[in-house]
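A short write-up of the structure that comes next.
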Amino acid sequence: MSLVQPLPPGPLDIVGDIHGESEALDQLLGHLGYDALGRHPQGRRLVFVGDFCDRGPDSPGVLARVVPMLESGHALAVLGNHEINLLREDAKDGSGWFFDSRVASDTPKYAPFARMPLCDIPDTLALLERLPIAMEREDLRVVHAAWRPQQIAMARELPLGSARSAYDHYEAMAAQQAQVNKVAERMRAERQQWPHDLEDRNWLPPFLPAHSESELAKAMVNPLKVLTSGVERECRNPFYAGGKWRFVERVAWWNEYEDAQAVVVGHYWRRLNRGGPSFHGAQAENLFGQTGPLSWHGRRGNVFCVDYSVGGRWNARLAGEDPQQRFKLAAMRWPERRLVFDDGAQADSEEFGVTAAAAA
């Protein structure tokens, strides 16, 4: 059994990134018709695209709801980059619910947030470690961020349950490459010239080439990082995304995707409307271009991002706005290709199979 697993036959409901928004998850599952164990009266199956946790107020609650569904086999999921961070004990922005080291720095932005009970940690991590990186069947593929043939082929050769060890192996390869290129020494020199915290959005840094080289090597040397975090390239104009200033930018890989199977992903913080601040990578980088908020995208019009930025609700709360107005949790019903949102709204997706040339 490999890190690329088969999807079951029959109708599916593919749920976007949840990011600790347990109330939104409960509402969405209710509108979809699932019970507390993830069972559906019509035999539909849930598939989660990953990123259950971080930033939202109740990551433990989300996992407490989802883990029994996964253990029973009533639901399926692929790993997102935020689950990879948990497995690797890599404390990042918004993970103060899990890591003690992040509580102080996360509190001003994300509090109040529930913390994971210590007794629940071992079983939760064990379950996450058994999840695949991607899933597929004849008509459909699901992955958190990117379906790239080279990296998928590498993941197929890795056994199920090896995500953390394989990820660590490729990160070590990237680190070795950086050592050869003396990236760390150059990064230290850059930080002496620019001493501000790169998580502080109030200080726009200049382009830091060694930091960019470091990020890019990690992104593209590691196939599991490509599949869970996307394809990246150097960016000369730093931008703030995901809680820090970045020197590499994501690439709209779907414009190069040529296979017939549809792909559903999360990760990219899509919006139903373009109002309000653009505070995350996909918005800052404009990966969707002129693609409509309900439209399929990509060269063959068969890729769909089902992440409607529910992870941004913390930002709305901080600004005193209604968090449900612009940031949604969504599911794509397959094969109907119909969207269901956590507020009960439904809409048919658009432009499936419309090629980029035809759209232009």
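By convention in this document, the chains of the structure tokens carry letters A, B, ... by their order, each chain's residues are numbered from 1, and ligands are numbered from 1 in the order they are shown.
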Sorted by chain and rising residue number, list the residues of region 108-186 of chain A at most 7 Å from region 39-55 of chain A (counting only C-alpha atoms), each with its closest atom pair and distance in Å to one decimal, as JSON lines.
```
{"residue": "A:Tyr110", "atom": "CA", "partner": "A:Arg55", "partner_atom": "CA", "distance": 6.1}
{"residue": "A:Val142", "atom": "CA", "partner": "A:Val49", "partner_atom": "CA", "distance": 7.0}
{"residue": "A:Val143", "atom": "CA", "partner": "A:Val49", "partner_atom": "CA", "distance": 6.4}
{"residue": "A:His144", "atom": "CA", "partner": "A:Val49", "partner_atom": "CA", "distance": 5.2}
```
Written selection (C-alpha atoms) as a compact mmCIF listing (two decimals), in the first residue's frame:
```
# COMPACT_ATOMS: atom_id res chain seq x y z
CA TYR A 110 -5.84 33.73 17.23
CA VAL A 142 -7.81 14.27 -4.72
CA VAL A 143 -4.65 15.86 -3.33
CA HIS A 144 -4.12 18.76 -0.96
```
Polymer residues at most 10 Å from Arg115 (chain A), only C-alpha atoms, same-chain spacing of 5 or more positions, as a PDB file with all heavy atoms, in the first residue's frame:
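Output below, filename out10.pdb:
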```
ATOM      1  N   PRO A  57     -10.525  28.501  16.089  1.00  0.00           N
ATOM      2  CA  PRO A  57     -10.666  28.448  17.550  1.00  0.00           C
ATOM      3  C   PRO A  57     -10.721  27.049  18.133  1.00  0.00           C
ATOM      4  O   PRO A  57     -10.575  26.898  19.343  1.00  0.00           O
ATOM      5  CB  PRO A  57     -11.997  29.178  17.792  1.00  0.00           C
ATOM      6  CG  PRO A  57     -12.778  28.945  16.533  1.00  0.00           C
ATOM      7  CD  PRO A  57     -11.766  28.966  15.428  1.00  0.00           C
ATOM      8  N   ASP A  58     -10.941  26.004  17.309  1.00  0.00           N
ATOM      9  CA  ASP A  58     -11.183  24.688  17.904  1.00  0.00           C
ATOM     10  C   ASP A  58     -10.626  23.554  17.043  1.00  0.00           C
ATOM     11  O   ASP A  58     -11.369  22.676  16.598  1.00  0.00           O
ATOM     12  CB  ASP A  58     -12.686  24.487  18.129  1.00  0.00           C
ATOM     13  CG  ASP A  58     -13.000  23.294  19.016  1.00  0.00           C
ATOM     14  OD1 ASP A  58     -12.072  22.791  19.688  1.00  0.00           O
ATOM     15  OD2 ASP A  58     -14.166  22.858  19.025  1.00  0.00           O
ATOM     16  N   SER A  59      -9.330  23.550  16.831  1.00  0.00           N
ATOM     17  CA  SER A  59      -8.702  22.444  16.106  1.00  0.00           C
ATOM     18  C   SER A  59      -8.918  21.107  16.814  1.00  0.00           C
ATOM     19  O   SER A  59      -9.187  20.093  16.154  1.00  0.00           O
ATOM     20  CB  SER A  59      -7.211  22.708  15.908  1.00  0.00           C
ATOM     21  OG  SER A  59      -7.005  23.779  15.019  1.00  0.00           O
ATOM     22  N   PRO A  60      -8.812  21.035  18.154  1.00  0.00           N
ATOM     23  CA  PRO A  60      -9.092  19.759  18.825  1.00  0.00           C
ATOM     24  C   PRO A  60     -10.505  19.257  18.560  1.00  0.00           C
ATOM     25  O   PRO A  60     -10.727  18.053  18.397  1.00  0.00           O
ATOM     26  CB  PRO A  60      -8.877  20.081  20.304  1.00  0.00           C
ATOM     27  CG  PRO A  60      -7.936  21.233  20.306  1.00  0.00           C
ATOM     28  CD  PRO A  60      -8.315  22.048  19.113  1.00  0.00           C
ATOM     29  N   GLY A  61     -11.473  20.179  18.518  1.00  0.00           N
ATOM     30  CA  GLY A  61     -12.843  19.782  18.253  1.00  0.00           C
ATOM     31  C   GLY A  61     -13.031  19.225  16.852  1.00  0.00           C
ATOM     32  O   GLY A  61     -13.780  18.262  16.641  1.00  0.00           O
ATOM     33  N   SER A  95      -0.417  27.355  15.283  1.00  0.00           N
ATOM     34  CA  SER A  95      -0.452  26.014  15.874  1.00  0.00           C
ATOM     35  C   SER A  95      -0.298  26.032  17.393  1.00  0.00           C
ATOM     36  O   SER A  95       0.045  25.021  18.001  1.00  0.00           O
ATOM     37  CB  SER A  95       0.631  25.136  15.256  1.00  0.00           C
ATOM     38  OG  SER A  95       1.932  25.640  15.514  1.00  0.00           O
ATOM     39  N   GLY A  96      -0.572  27.172  18.021  1.00  0.00           N
ATOM     40  CA  GLY A  96      -0.477  27.269  19.472  1.00  0.00           C
ATOM     41  C   GLY A  96      -1.454  26.375  20.203  1.00  0.00           C
ATOM     42  O   GLY A  96      -1.270  26.099  21.386  1.00  0.00           O
ATOM     43  N   TRP A  97      -2.503  25.914  19.528  1.00  0.00           N
ATOM     44  CA  TRP A  97      -3.448  24.966  20.132  1.00  0.00           C
ATOM     45  C   TRP A  97      -2.763  23.634  20.446  1.00  0.00           C
ATOM     46  O   TRP A  97      -3.224  22.873  21.293  1.00  0.00           O
ATOM     47  CB  TRP A  97      -4.617  24.714  19.177  1.00  0.00           C
ATOM     48  CG  TRP A  97      -4.199  24.029  17.902  1.00  0.00           C
ATOM     49  CD1 TRP A  97      -3.696  24.625  16.791  1.00  0.00           C
ATOM     50  CD2 TRP A  97      -4.214  22.627  17.644  1.00  0.00           C
ATOM     51  NE1 TRP A  97      -3.388  23.687  15.838  1.00  0.00           N
ATOM     52  CE2 TRP A  97      -3.704  22.446  16.335  1.00  0.00           C
ATOM     53  CE3 TRP A  97      -4.602  21.509  18.368  1.00  0.00           C
ATOM     54  CZ2 TRP A  97      -3.575  21.194  15.756  1.00  0.00           C
ATOM     55  CZ3 TRP A  97      -4.473  20.256  17.786  1.00  0.00           C
ATOM     56  CH2 TRP A  97      -3.971  20.113  16.496  1.00  0.00           C
ATOM     57  N   PHE A  98      -1.632  23.353  19.771  1.00  0.00           N
ATOM     58  CA  PHE A  98      -0.931  22.075  19.894  1.00  0.00           C
ATOM     59  C   PHE A  98       0.456  22.226  20.503  1.00  0.00           C
ATOM     60  O   PHE A  98       0.860  21.429  21.351  1.00  0.00           O
ATOM     61  CB  PHE A  98      -0.822  21.437  18.507  1.00  0.00           C
ATOM     62  CG  PHE A  98      -0.358  20.004  18.519  1.00  0.00           C
ATOM     63  CD1 PHE A  98      -1.267  18.964  18.645  1.00  0.00           C
ATOM     64  CD2 PHE A  98       0.986  19.689  18.380  1.00  0.00           C
ATOM     65  CE1 PHE A  98      -0.846  17.640  18.647  1.00  0.00           C
ATOM     66  CE2 PHE A  98       1.421  18.381  18.384  1.00  0.00           C
ATOM     67  CZ  PHE A  98       0.499  17.342  18.525  1.00  0.00           C
ATOM     68  N   PHE A  99       1.194  23.251  20.083  1.00  0.00           N
ATOM     69  CA  PHE A  99       2.580  23.423  20.502  1.00  0.00           C
ATOM     70  C   PHE A  99       2.693  24.514  21.570  1.00  0.00           C
ATOM     71  O   PHE A  99       2.306  25.661  21.337  1.00  0.00           O
ATOM     72  CB  PHE A  99       3.467  23.799  19.312  1.00  0.00           C
ATOM     73  CG  PHE A  99       3.599  22.717  18.278  1.00  0.00           C
ATOM     74  CD1 PHE A  99       2.965  22.831  17.052  1.00  0.00           C
ATOM     75  CD2 PHE A  99       4.363  21.579  18.532  1.00  0.00           C
ATOM     76  CE1 PHE A  99       3.091  21.840  16.092  1.00  0.00           C
ATOM     77  CE2 PHE A  99       4.494  20.579  17.578  1.00  0.00           C
ATOM     78  CZ  PHE A  99       3.849  20.700  16.359  1.00  0.00           C
ATOM     79  N   ASP A 100       3.269  24.172  22.707  1.00  0.00           N
ATOM     80  CA  ASP A 100       3.471  25.159  23.779  1.00  0.00           C
ATOM     81  C   ASP A 100       4.308  26.338  23.290  1.00  0.00           C
ATOM     82  O   ASP A 100       4.080  27.482  23.704  1.00  0.00           O
ATOM     83  CB  ASP A 100       4.166  24.509  24.974  1.00  0.00           C
ATOM     84  CG  ASP A 100       3.288  23.486  25.693  1.00  0.00           C
ATOM     85  OD1 ASP A 100       2.060  23.498  25.472  1.00  0.00           O
ATOM     86  OD2 ASP A 100       3.836  22.669  26.460  1.00  0.00           O
ATOM     87  N   VAL A 103       2.209  29.313  21.846  1.00  0.00           N
ATOM     88  CA  VAL A 103       1.083  29.918  22.553  1.00  0.00           C
ATOM     89  C   VAL A 103       1.240  31.435  22.665  1.00  0.00           C
ATOM     90  O   VAL A 103       0.318  32.203  22.335  1.00  0.00           O
ATOM     91  CB  VAL A 103       0.899  29.283  23.940  1.00  0.00           C
ATOM     92  CG1 VAL A 103      -0.145  30.058  24.747  1.00  0.00           C
ATOM     93  CG2 VAL A 103       0.488  27.824  23.811  1.00  0.00           C
TER      94      VAL A 103
END
```
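Take the candidates A:Val340, A:Ile133, A:Met173, A:Met69 and check each one against His31 (chain A) using only C-alpha atoms; the shortest distance goes to A:Val340.
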Can you check which parts of region 91-169 of chain A lie within 6 Å of region 258-264 of chain A? Per residue, the shortest pair of atoms and distance in Å to one decimal, counting only C-alpha atoms, sorted by chain and number, as JSON lines.
```
{"residue": "A:Asp139", "atom": "CA", "partner": "A:Gln261", "partner_atom": "CA", "distance": 5.0}
{"residue": "A:Leu140", "atom": "CA", "partner": "A:Ala262", "partner_atom": "CA", "distance": 4.8}
{"residue": "A:Arg141", "atom": "CA", "partner": "A:Val263", "partner_atom": "CA", "distance": 4.6}
{"residue": "A:Val142", "atom": "CA", "partner": "A:Val264", "partner_atom": "CA", "distance": 5.1}
```
Report the residues of region 158-267 of chain A whose backbone DSSP state falls under strand (DSSP E or B), written as an MDAnalysis selection string. chainID A and resid 159 232:241 244:250 262:265
